[in-house]
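Colleague: Structure file model-v5.csv (CSV, C-alpha atoms and all ligand atoms) is given on the next line.
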chain,number,residue,atom,x,y,z
Z,1,MET,CA,-31.5,-7.7,-88.0
Z,2,SER,CA,-31.3,-8.7,-84.3
Z,3,SER,CA,-28.4,-7.2,-82.3
Z,4,LYS,CA,-25.3,-9.1,-81.3
Z,5,LYS,CA,-24.0,-9.1,-77.8
Z,6,LEU,CA,-20.6,-8.2,-76.6
Z,7,LEU,CA,-19.7,-9.0,-73.0
Z,8,ILE,CA,-16.9,-7.2,-71.3
Z,9,VAL,CA,-15.7,-8.9,-68.1
Z,10,ALA,CA,-13.2,-6.6,-66.4
Z,11,HIS,CA,-11.6,-6.5,-63.0
Z,12,MET,CA,-11.4,-2.9,-61.9
Z,13,PRO,CA,-9.8,-2.5,-58.5
Z,14,SER,CA,-8.4,1.0,-59.1
Z,15,ALA,CA,-9.3,4.3,-60.6
Z,16,ASN,CA,-7.0,3.6,-63.6
Z,17,THR,CA,-8.4,0.1,-64.3
Z,18,THR,CA,-12.0,1.4,-63.9
Z,19,GLN,CA,-11.2,4.1,-66.5
Z,20,MET,CA,-9.7,1.5,-68.8
Z,21,ALA,CA,-12.8,-0.8,-68.6
Z,22,GLN,CA,-15.0,2.2,-69.3
Z,23,GLN,CA,-13.0,3.0,-72.4
Z,24,VAL,CA,-13.4,-0.5,-73.7
Z,25,LEU,CA,-17.1,-0.1,-73.3
Z,26,ALA,CA,-17.0,3.4,-74.9
Z,27,GLY,CA,-15.1,2.0,-77.9
Z,28,SER,CA,-17.7,-0.8,-78.3
Z,29,LYS,CA,-20.4,1.9,-78.4
Z,30,HIS,CA,-18.7,4.0,-81.1
Z,31,SER,CA,-21.2,6.0,-83.0
Z,32,ASP,CA,-20.2,4.4,-86.3
Z,33,ILE,CA,-21.2,1.0,-84.9
Z,34,SER,CA,-24.8,-0.2,-84.6
Z,35,GLY,CA,-26.5,-3.4,-83.7
Z,36,ILE,CA,-24.2,-4.3,-80.9
Z,37,GLU,CA,-25.4,-4.6,-77.3
Z,38,ALA,CA,-22.3,-4.2,-75.1
Z,39,THR,CA,-22.3,-4.9,-71.4
Z,40,LEU,CA,-19.6,-4.3,-68.8
Z,41,LYS,CA,-19.6,-6.5,-65.8
Z,42,SER,CA,-17.2,-7.2,-63.0
Z,43,PRO,CA,-16.0,-10.9,-63.0
Z,44,PHE,CA,-17.8,-11.3,-59.7
Z,45,GLU,CA,-21.1,-10.2,-61.3
Z,46,ALA,CA,-20.8,-12.1,-64.6
Z,47,ASP,CA,-22.1,-15.7,-64.8
Z,48,GLU,CA,-22.5,-18.6,-67.2
Z,49,LYS,CA,-25.8,-17.1,-68.5
Z,50,ASP,CA,-23.9,-14.0,-69.7
Z,51,VAL,CA,-21.4,-16.1,-71.5
Z,52,LEU,CA,-23.9,-18.6,-73.0
Z,53,THR,CA,-25.8,-15.7,-74.5
Z,54,THR,CA,-23.0,-13.6,-75.8
Z,55,ASP,CA,-21.5,-13.4,-79.3
Z,56,GLY,CA,-18.1,-12.1,-78.2
Z,57,ILE,CA,-16.2,-11.5,-75.0
Z,58,ILE,CA,-13.5,-9.1,-73.8
Z,59,LEU,CA,-11.6,-10.0,-70.7
Z,60,GLY,CA,-9.7,-7.5,-68.6
Z,61,THR,CA,-7.6,-8.2,-65.6
Z,62,THR,CA,-4.8,-6.9,-63.5
Z,63,GLU,CA,-1.7,-9.0,-62.9
Z,64,ASN,CA,-1.6,-9.9,-59.2
Z,65,LEU,CA,1.3,-12.0,-57.8
Z,66,GLY,CA,2.3,-13.1,-61.3
Z,67,TYR,CA,-1.2,-14.3,-62.3
Z,68,MET,CA,-4.6,-13.1,-63.3
Z,69,SER,CA,-6.7,-11.5,-60.6
Z,70,GLY,CA,-8.5,-13.8,-58.3
Z,71,ALA,CA,-11.7,-12.2,-59.5
Z,72,LEU,CA,-11.2,-13.3,-63.1
Z,73,LYS,CA,-10.1,-16.8,-62.0
Z,74,ASP,CA,-13.3,-17.1,-60.0
Z,75,PHE,CA,-15.2,-16.2,-63.1
Z,76,PHE,CA,-13.5,-18.9,-65.1
Z,77,ASP,CA,-14.0,-21.5,-62.3
Z,78,ARG,CA,-17.8,-20.8,-62.4
Z,79,ILE,CA,-18.3,-20.7,-66.1
Z,80,TYR,CA,-15.8,-23.3,-67.4
Z,81,TYR,CA,-17.9,-26.5,-67.4
Z,82,PRO,CA,-21.3,-24.8,-68.0
Z,83,CYS,CA,-19.9,-23.2,-71.2
Z,84,LEU,CA,-17.4,-25.7,-72.3
Z,85,GLU,CA,-19.5,-27.5,-74.9
Z,86,GLU,CA,-21.7,-24.7,-76.1
Z,87,LYS,CA,-19.3,-21.8,-76.6
Z,88,GLN,CA,-16.4,-23.3,-78.5
Z,89,GLY,CA,-15.2,-20.8,-81.1
Z,90,LEU,CA,-16.4,-17.8,-79.1
Z,91,PRO,CA,-14.3,-14.7,-80.3
Z,92,TYR,CA,-12.4,-13.2,-77.4
Z,93,ALA,CA,-9.9,-10.5,-76.7
Z,94,LEU,CA,-7.8,-9.9,-73.6
Z,95,TYR,CA,-6.3,-6.8,-72.0
Z,96,ILE,CA,-4.0,-6.9,-69.0
Z,97,ARG,CA,-2.9,-4.1,-66.7
Z,98,ALA,CA,0.3,-5.1,-65.1
Z,99,GLY,CA,2.6,-3.0,-62.9
Z,100,MET,CA,5.7,-4.5,-64.5
Z,101,ASP,CA,5.2,-7.8,-66.3
Z,102,GLY,CA,2.0,-9.6,-67.4
Z,103,THR,CA,3.4,-12.8,-68.8
Z,104,GLY,CA,2.2,-15.0,-66.1
Z,105,THR,CA,-1.3,-13.6,-66.4
Z,106,ARG,CA,-1.3,-14.0,-70.2
Z,107,ARG,CA,-0.1,-17.6,-69.9
Z,108,GLY,CA,-2.7,-18.4,-67.2
Z,109,VAL,CA,-5.6,-16.9,-69.2
Z,110,GLU,CA,-4.5,-18.5,-72.5
Z,111,THR,CA,-4.2,-21.9,-70.9
Z,112,ILE,CA,-7.8,-21.8,-69.7
Z,113,ILE,CA,-9.0,-20.4,-73.0
Z,114,THR,CA,-7.2,-23.2,-74.9
Z,115,GLY,CA,-9.3,-25.6,-72.8
Z,116,LEU,CA,-12.5,-23.6,-73.6
Z,117,LYS,CA,-11.6,-23.5,-77.3
Z,118,TRP,CA,-12.4,-19.8,-77.6
Z,119,ARG,CA,-10.9,-18.0,-80.6
Z,120,GLU,CA,-8.5,-15.1,-80.3
Z,121,ALA,CA,-10.1,-12.1,-82.3
Z,122,HIS,CA,-7.5,-9.5,-81.4
Z,123,PRO,CA,-3.9,-9.6,-80.1
Z,124,VAL,CA,-3.5,-9.3,-76.3
Z,125,ALA,CA,-3.3,-5.7,-75.2
Z,126,LEU,CA,-0.6,-5.6,-72.5
Z,127,CYS,CA,-0.7,-2.3,-70.6
Z,128,LYS,CA,2.3,-2.6,-68.4
Z,129,GLY,CA,4.7,-0.4,-66.5
Z,130,ASP,CA,3.9,3.0,-65.1
Z,131,TYR,CA,0.3,4.1,-66.0
Z,132,GLN,CA,0.0,5.9,-69.3
Z,133,GLU,CA,-2.9,7.8,-70.8
Z,134,SER,CA,-2.3,5.8,-74.0
Z,135,PHE,CA,-3.7,2.7,-72.2
Z,136,LEU,CA,-7.1,4.4,-72.5
Z,137,ASP,CA,-6.7,4.5,-76.3
Z,138,ASP,CA,-5.6,0.9,-76.4
Z,139,CYS,CA,-8.7,0.0,-74.5
Z,140,PHE,CA,-11.0,2.1,-76.6
Z,141,ASN,CA,-9.6,0.6,-79.8
Z,142,LEU,CA,-10.0,-2.9,-78.4
Z,143,GLY,CA,-13.7,-2.3,-77.7
Z,144,MET,CA,-14.2,-0.7,-81.0
Z,145,TYR,CA,-12.4,-3.4,-83.0
Z,146,MET,CA,-14.4,-6.2,-81.3
Z,147,ALA,CA,-17.8,-4.4,-81.7
Z,148,ALA,CA,-17.1,-3.5,-85.4
Z,149,GLY,CA,-15.9,-7.0,-86.1
Z,150,LEU,CA,-19.0,-8.5,-84.7
Z,151,GLU,CA,-21.2,-6.1,-86.5
Z,152,ALA,CA,-19.5,-6.9,-89.8
Z,153,GLY,CA,-19.5,-10.6,-89.1
Z,154,MET,CA,-15.8,-10.7,-89.5
Z,155,ILE,CA,-14.8,-12.2,-86.1
Z,201,LIG,C1,-1.1,-7.7,-54.4
Z,201,LIG,C2,-0.6,-7.2,-55.7
Z,201,LIG,C3,0.2,-7.9,-56.4
Z,201,LIG,C4,0.7,-7.5,-57.7
Z,201,LIG,N1,1.5,-8.3,-58.4
Z,201,LIG,C5,1.9,-7.9,-59.6
Z,201,LIG,C6,2.7,-8.7,-60.4
Z,201,LIG,O1,3.0,-9.9,-60.1
Z,201,LIG,N2,3.1,-8.3,-61.6
Z,201,LIG,C7,2.8,-7.0,-62.1
Z,201,LIG,O2,3.2,-6.7,-63.2
Z,201,LIG,N3,2.1,-6.2,-61.3
Z,201,LIG,C8,1.6,-6.6,-60.1
Z,201,LIG,N4,0.8,-5.7,-59.3
Z,201,LIG,C9,0.5,-4.4,-59.8
Z,201,LIG,C10,-0.9,-4.4,-60.3
Z,201,LIG,O3,-1.0,-5.1,-61.6
Z,201,LIG,C11,-1.4,-3.0,-60.5
Z,201,LIG,O4,-1.4,-2.4,-59.2
Z,201,LIG,C12,-2.8,-2.9,-61.1
Z,201,LIG,O5,-2.7,-3.3,-62.4
Z,201,LIG,C13,-3.4,-1.5,-60.9
Z,201,LIG,O6,-2.7,-0.6,-61.7
Z,201,LIG,P1,-2.9,1.0,-61.5
Z,201,LIG,O7,-1.9,1.4,-60.5
Z,201,LIG,O8,-2.6,1.6,-62.9
Z,201,LIG,O9,-4.3,1.2,-61.1
Z,201,LIG,C14,0.3,-6.2,-58.1
Z,201,LIG,C15,-0.5,-5.4,-57.3
Z,201,LIG,C16,-1.0,-5.9,-56.1
Z,201,LIG,C17,-1.9,-5.0,-55.3
As structure tokens, how would this structure be written, given the file I've shared?
Modeller:
Amino acid sequence: MSSKKLLIVAHMPSANTTQMAQQVLAGSKHSDISGIEATLKSPFEADEKDVLTTDGIILGTTENLGYMSGALKDFFDRIYYPCLEEKQGLPYALYIRAGMDGTGTRRGVETIITGLKWREAHPVALCKGDYQESFLDDCFNLGMYMAAGLEAGMI
């Protein structure tokens, strides 16, 4: 059976957010899961070819000035039209690292995703407030859930 691809596009401007993204990747590579090829990229590195060839996507962003990071917005600006027709129904999950809020970021991402017609495969993981070690578990579980869901053909 050919492997499925899981693309993680995460903005990682700090030590905490880098660790969070690495936990998403680690969860997606859980030893009980096979047949999933997971890749972690910065939004600046990821392009439409990555999206066109993936079976699922996890998006990670900080909240900056009440909105998603400029990095993730730039990613959407570049992939939107090249992927609009071909990737409808793509299962996605989103996690947000916000110092205190996160609602503006969630709204902004979900508005774009409504346009793209991607399909929510997991509730938003909102990691807000002072940094907590439990955010790492949330991120690990998100990666694991998405990879396991793809493996089982359930998402
Ligand atoms: C320029 C700037 C603007 C920010 N704006 C917001 C904001 O509007 N809402 C919010 O909840 N956090 C905001 N933050 C906090 C970031 O989300 C937080 O610094 C980032 O997620 C990194 O978290 P960390 O300290 O755990 O590494 C802002 C940070 C920066 C640098």
Colleague: Any residue with an atom at most 6 Å from ligand LIG 201 (chain Z) counts, using only C-alpha atoms and all ligand atoms. Which are they? Put them as an mmCIF file with C-alpha atoms, in the frame of the given file.
Modeller:
data_model
loop_
_atom_site.group_PDB
_atom_site.id
_atom_site.type_symbol
_atom_site.label_atom_id
_atom_site.label_comp_id
_atom_site.auth_asym_id
_atom_site.auth_seq_id
_atom_site.Cartn_x
_atom_site.Cartn_y
_atom_site.Cartn_z
ATOM 1 C CA SER Z 14 -8.400 1.000 -59.100
ATOM 2 C CA ALA Z 15 -9.300 4.300 -60.600
ATOM 3 C CA ASN Z 16 -7.000 3.600 -63.600
ATOM 4 C CA THR Z 17 -8.400 0.100 -64.300
ATOM 5 C CA THR Z 62 -4.800 -6.900 -63.500
ATOM 6 C CA GLU Z 63 -1.700 -9.000 -62.900
ATOM 7 C CA ASN Z 64 -1.600 -9.900 -59.200
ATOM 8 C CA LEU Z 65 1.300 -12.000 -57.800
ATOM 9 C CA GLY Z 66 2.300 -13.100 -61.300
ATOM 10 C CA ARG Z 97 -2.900 -4.100 -66.700
ATOM 11 C CA ALA Z 98 0.300 -5.100 -65.100
ATOM 12 C CA GLY Z 99 2.600 -3.000 -62.900
ATOM 13 C CA MET Z 100 5.700 -4.500 -64.500
ATOM 14 C CA ASP Z 101 5.200 -7.800 -66.300
ATOM 15 C CA GLY Z 102 2.000 -9.600 -67.400
ATOM 16 C CA TYR Z 131 0.300 4.100 -66.000
#
Colleague: To one decimal place in Å, what is the distance between CA of Leu72 in chain Z and CA of Thr18 in chain Z?
Modeller: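 Atom-to-atom, CA of Leu72 in chain Z to CA of Thr18 in chain Z, that is 14.7 Å.
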Colleague: Would you kindly identify which residues have an atom no farther than 12 Å from (-6.6, 2.3, -77.2), using all atoms listed in the file and the file's own coordinates, and write them out as a PyMOL selection string?
Modeller: chain Z and resi 19-28+95+125-127+132-145
Colleague: How many Å separate CA of Lys4 in chain Z from CA of Asp55 in chain Z?
Modeller: 6.1 Å
Colleague: Find, counting all atoms listed in the file, the residue in Z:His30, Z:Arg119, Z:Lys5, Z:Arg107 that gets nearest to Met68 in chain Z.
Modeller: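 Checking each candidate against Met68 in chain Z, we get Z:Arg107 as the closest.
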Colleague: Mind dumping a table of every range 33-93 of chain Z residue within 6 Å of range 7-10 of chain Z, with the nearest atom pair and its distance in Å to one decimal, using all atoms listed in the file, sorted by chain and rising number, as a Markdown table?
Modeller:
| residue | atom | partner | partner_atom | distance |
| --- | --- | --- | --- | --- |
| Z:Ala38 | CA | Z:Leu7 | CA | 5.8 |
| Z:Thr39 | CA | Z:Leu7 | CA | 5.1 |
| Z:Leu40 | CA | Z:Ile8 | CA | 4.7 |
| Z:Lys41 | CA | Z:Val9 | CA | 5.1 |
| Z:Ser42 | CA | Z:Ala10 | CA | 5.3 |
| Z:Pro43 | CA | Z:Val9 | CA | 5.5 |
| Z:Ile57 | CA | Z:Leu7 | CA | 4.7 |
| Z:Ile58 | CA | Z:Ile8 | CA | 4.6 |
| Z:Leu59 | CA | Z:Val9 | CA | 5.0 |
| Z:Gly60 | CA | Z:Ala10 | CA | 4.2 |
| Z:Thr61 | CA | Z:Ala10 | CA | 5.9 |
Colleague: CA of Ala152 in chain Z to CA of Ser3 in chain Z: how many Å, to one decimal?
Modeller: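 Between CA of Ala152 in chain Z and CA of Ser3 in chain Z the gap is 11.6 Å.
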Colleague: Rank nothing, just name the residue among Z:Gly149, Z:Ile96, Z:Gly89, Z:Val109 nearest to Gly129 in chain Z, using only C-alpha atoms.
Modeller: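 The closest residue to Gly129 in chain Z is Z:Ile96.
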Colleague: Using only C-alpha atoms, which residues sit within 7 Å of Gly108 in chain Z once same-chain residues fewer than 3 positions away are excluded, as an mmCIF file with C-alpha atoms, in the frame of the given file?
Modeller:
data_model
loop_
_atom_site.group_PDB
_atom_site.id
_atom_site.type_symbol
_atom_site.label_atom_id
_atom_site.label_comp_id
_atom_site.auth_asym_id
_atom_site.auth_seq_id
_atom_site.Cartn_x
_atom_site.Cartn_y
_atom_site.Cartn_z
ATOM 1 C CA TYR Z 67 -1.200 -14.300 -62.300
ATOM 2 C CA MET Z 68 -4.600 -13.100 -63.300
ATOM 3 C CA GLY Z 104 2.200 -15.000 -66.100
ATOM 4 C CA THR Z 105 -1.300 -13.600 -66.400
ATOM 5 C CA THR Z 111 -4.200 -21.900 -70.900
ATOM 6 C CA ILE Z 112 -7.800 -21.800 -69.700
#
Colleague: Taking only C-alpha atoms into account, name the residue in Z:Glu37, Z:Glu110, Z:Asp47, Z:Asp32 that is nearest to Tyr80 in chain Z.
Modeller: Z:Asp47
Colleague: When distances are computed from only C-alpha atoms, which of Z:Leu52, Z:Lys29, Z:Leu90, Z:Ile113 shows the smallest separation from Phe76 in chain Z?
Modeller: Z:Ile113
Colleague: Smallest atom-to-atom distance to Gly115 in chain Z: which of Z:Cys83, Z:Ala147, Z:Ile155, Z:Leu6, using all atoms listed in the file?
Modeller: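 Among Z:Cys83, Z:Ala147, Z:Ile155, Z:Leu6, it is Z:Cys83 that comes nearest to Gly115 in chain Z.
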Colleague: The residues within 12 Å of (-8.2, -10.5, -85.2), using all atoms listed in the file and the coordinates of the file, should be reported as a list in words; which are they?
Modeller: Pro91, Tyr92, Ala93, Leu94, Arg119, Glu120, Ala121, His122, Pro123, Val124, Leu142, Tyr145, Met146, Ala147, Ala148, Gly149, Leu150, Gly153, Met154 and Ile155 of chain Z
Colleague: Around range 24-34 of chain Z, fit a box with edges along x, y and z, padding it by 8 Å on each side, then list its centre and edge lengths in Å to one decimal as JSON.
Modeller:
{"center_x": -19.1, "center_y": 2.6, "center_z": -79.8, "size_x": 27.4, "size_y": 22.8, "size_z": 29.0}
Colleague: From the options Z:Lys128, Z:Gly56, Z:Lys117, Z:His11, which residue's atoms come nearest to Phe75 in chain Z, counting only C-alpha atoms?
Modeller: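 Going through Z:Lys128, Z:Gly56, Z:Lys117, Z:His11 one by one, the smallest distance to Phe75 in chain Z is for Z:His11.
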